[in-house]
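The structure under discussion appears below in the form of structure tokens.
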Amino acid sequence: MGSIILNAVSVSVYEDEHSSPKALLQDVSLELTEQRIAVIGANGSGKSTLLRLLNGLVPPSQGTVTVDGADTVAEARKVRSQVGFVFTDPLSQLVMPTGREDVELSLRRSVKNRKERATRAESVLERFGLLPLADQSIYELSGGERQLLALAAVLAVNPAVLVLDEPSTLLDLRNRELLRRTLADLEQQIILSTHDLELALEAERVLVVDGGRIVFDGGASDAVEHYRALCSAVVEAPGPRNHPQNQVQAP
Amino acid sequence: MRRRGVLIPYYVRGNSVVHRTPLWLKFLLVAACGLASFLIVDWLVSAVVLAIMCALFLLSGAGFKRLIRAVWLVTPLLAAVGAFQWWQLGGPVAARIVLNVLVCVVAASVLTATTPVQALLDGVVALSKPFRRFGADPERFALTIAIMLRSIPFIAGAFSDVRDSARARGLERNPRALVLPVFITTVAYARQTGDALAARGLGEAEDSPVD
């Protein structure tokens, strides 16, 4: 695998035809080569937009994004075959009624023979310990099982890069641990956004996003410290919520 | 999240005669039932065909509960249609129309309960291959069917969730409180599904080259 390069990327949206564009991400230039990269930041800071750029789900308004030399807009299909994407809510990602069928759906393009497809799907499910649940409705699975299934469906086509948008947000502690261990065993390059700072601390490189800009890029512990300081500064700053008049007085 | 209602039963593993029947024959059965609903004019004939379809469903081993669940969700709609037709055209016509719709629902249920979705999709791909010369993409046809099978129970479930929310706020008689959230939920679901399909590279044009 080469690298993912973002060159002077900005993403803007128009809320209506009369308004000026709202910047979701501003002037981001990065080269992502590390095996484990985490993106942290507040809600609405631009984390998801940054991740969605990486497999062409969001096109840049300015600049370019390339994955191993392939442009995410001009060569979207090639990029998507290399970059797997896992969403926060696995139910929005799982298209078929059961896990087996969903993994088989992932393989439809690459494996035309039905029997071979079934065998491949079975081995993917077995690898993730999901074979006993393969024929259950996706609604009968726990949150952790669904997230693992979404991961299995994406990994079935063996992408070189795995992008995960807040994969542990909807999971309880046990399932977070299960997900963390599963990710640790993968050979793919992993880029994930998260609010789970323990998960972020395991990354080789952490990006802190705030207001659509990368405000810190470096080692995990320094990045988490920077993010904590940023959050403290926002909470302590005078604002509607923190204004003395709005604070509840003790009786 | 509440488990979504199931209008069309999912595949039930088995080795019955119906399971082993070739897919083309099952497709033909569903198509014939759809056509028959326009041709049958006697409600007694409709009742006999419905009985045969129910017998086929039970013969597959999919079970009585699944059969009831499959028809249960259309019952309110059929009751309304039946009452209107009875008022306009009389009892026999109303019975024929309701029974014919039920024949189609049960025939479709026989197909989906005894055919794995992947086999169904392969069948759709094979059936739509002749249309390739007109620019159609058979895989997209199949994906459309898959999305439809997934979306119907989702929308039914979304309606149940919204109805519960409206009831909790005392708004169960307000049609806007029922329809608008279902509409918004459905649009959001469609966007999420589109994103998920795009992220997985599903539904892209077959002839797009992979460099």
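Ligands are numbered from 1 in the order shown, chains are lettered A, B, ... in the order of the structure tokens, and residues start at 1 in each chain.
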### Message
Could you tell me which residues of chain A sit within 6 Å of chain B when counting only C-alpha atoms, and give me the result as a list in words?
### Response
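That gives Lys78, Arg80, Phe85, Ser92, Gln93 and Tyr139 of chain A for chain A.
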### Message
Between atom CA of Thr194 of chain A and atom CA of Ile40 of chain A, what is the distance in Å, rounded to a tenth?
### Response
5.6 Å
### Query
To one decimal place, how far is atom CA of Cys231 of chain A from atom CA of Asp196 of chain A in Å?
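We find that atom CA of Cys231 of chain A and atom CA of Asp196 of chain A lie 14.3 Å from each other.
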### Task
Quick one: pull the distance between atom CA of Val79 of chain A and atom CA of Asn55 of chain A, Å, one decimal.
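If I compute the distance from atom CA of Val79 of chain A to atom CA of Asn55 of chain A, I get 6.0 Å.
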### Task
Give the helix (DSSP H, G or I) residues of segment 47-227 of chain A, as assigned by DSSP on the backbone, as number ranges by chain.
A: 47-53, 76-82, 90-93, 99-107, 114-127, 131-133, 138-140, 143-155, 173-184, 197-201, 220-227
Taking 4 positions as the minimum chain separation for residues in the same chain, which residues sit within 7 Å of Ser45 of chain A when counting only C-alpha atoms? Answer as a JSON list (two decimals) with C-alpha atoms, in the first residue's frame.
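Listing of result_24.json after writing:
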```
[["chain", "number", "residue", "atom", "x", "y", "z"],
["A", 41, "GLY", "CA", -12.50, 16.12, 17.94],
["A", 209, "VAL", "CA", -9.87, 18.35, 14.38],
["A", 210, "ASP", "CA", -11.58, 21.52, 15.51],
["A", 211, "GLY", "CA", -13.77, 23.84, 13.47],
["A", 212, "GLY", "CA", -12.87, 22.11, 10.22]]
```
Which residues are close to segment 158-172 of chain B, i.e. within 7 Å by only C-alpha atoms, leaving aside same-chain residues fewer than 4 positions away? Reply as a PDB file with C-alpha atoms, in the first residue's frame.
```
ATOM      1  CA  PHE B 154     -37.886  -0.863   7.668  1.00  0.00           C
ATOM      2  CA  ALA B 177     -47.357  13.835  13.655  1.00  0.00           C
ATOM      3  CA  LEU B 178     -47.547  10.377  12.095  1.00  0.00           C
ATOM      4  CA  PRO B 181     -41.607  11.803  10.852  1.00  0.00           C
ATOM      5  CA  VAL B 182     -42.028   8.579   8.831  1.00  0.00           C
TER       6      VAL B 182
END
```
### Query
If we count only C-alpha atoms, what is near Val161 of chain A at a cut-off of 12 Å, once residues fewer than 4 positions away on the same chain are taken out, given as a VMD selection string?
chain A and resid 1 to 4 32 to 37 51 54 to 55 67 to 68 79 to 86 154 to 155 157 186 to 192
Generate the output file for the selected residues, C-alpha atoms, as a PDB file, in the first residue's frame.
```pdb
ATOM      1  CA  MET A   1       0.000   0.000   0.000  1.00  0.00           C
ATOM      2  CA  GLY A   2       1.279   3.463  -0.856  1.00  0.00           C
ATOM      3  CA  SER A   3      -0.182   6.368   0.972  1.00  0.00           C
ATOM      4  CA  ILE A   4      -3.224   8.584   1.242  1.00  0.00           C
ATOM      5  CA  LEU A  32      -1.326   9.336   5.880  1.00  0.00           C
ATOM      6  CA  THR A  33       1.149   6.469   5.884  1.00  0.00           C
ATOM      7  CA  GLU A  34       1.039   5.089   9.429  1.00  0.00           C
ATOM      8  CA  GLN A  35      -0.671   1.743  10.130  1.00  0.00           C
ATOM      9  CA  ARG A  36      -2.939   3.108  12.887  1.00  0.00           C
ATOM     10  CA  ILE A  37      -4.273   6.645  12.712  1.00  0.00           C
ATOM     11  CA  LEU A  51     -12.935  10.300   6.797  1.00  0.00           C
ATOM     12  CA  LEU A  54     -10.832   9.096   1.962  1.00  0.00           C
ATOM     13  CA  ASN A  55     -13.042   6.771  -0.074  1.00  0.00           C
ATOM     14  CA  VAL A  67      -5.179   6.863  -2.442  1.00  0.00           C
ATOM     15  CA  ASP A  68      -2.078   5.110  -3.685  1.00  0.00           C
ATOM     16  CA  VAL A  79     -10.387   3.803  -4.553  1.00  0.00           C
ATOM     17  CA  ARG A  80     -13.428   2.055  -3.055  1.00  0.00           C
ATOM     18  CA  SER A  81     -11.989  -1.347  -3.865  1.00  0.00           C
ATOM     19  CA  GLN A  82      -8.961  -0.362  -1.768  1.00  0.00           C
ATOM     20  CA  VAL A  83     -10.605   1.603   1.041  1.00  0.00           C
ATOM     21  CA  GLY A  84     -13.300  -0.109   3.116  1.00  0.00           C
ATOM     22  CA  PHE A  85     -15.607   2.125   5.155  1.00  0.00           C
ATOM     23  CA  VAL A  86     -17.420   1.200   8.379  1.00  0.00           C
ATOM     24  CA  VAL A 154     -16.297  -4.749   4.476  1.00  0.00           C
ATOM     25  CA  LEU A 155     -13.215  -6.925   5.008  1.00  0.00           C
ATOM     26  CA  VAL A 157     -13.280  -7.974  -0.244  1.00  0.00           C
ATOM     27  CA  LEU A 186      -6.059  -6.689  11.448  1.00  0.00           C
ATOM     28  CA  GLU A 187      -3.232  -6.232   8.993  1.00  0.00           C
ATOM     29  CA  GLN A 188      -4.949  -3.384   7.111  1.00  0.00           C
ATOM     30  CA  GLN A 189      -4.018   0.262   7.553  1.00  0.00           C
ATOM     31  CA  ILE A 190      -6.669   1.606   9.928  1.00  0.00           C
ATOM     32  CA  ILE A 191      -7.912   5.186  10.075  1.00  0.00           C
ATOM     33  CA  LEU A 192     -10.681   5.818  12.569  1.00  0.00           C
TER      34      LEU A 192
END
```
#### Entry: Top pick for closest residue to Met53 of chain B, considering B:Leu78, B:Ala70, B:Ala107, B:Ile184 and counting only C-alpha atoms
B:Ala107
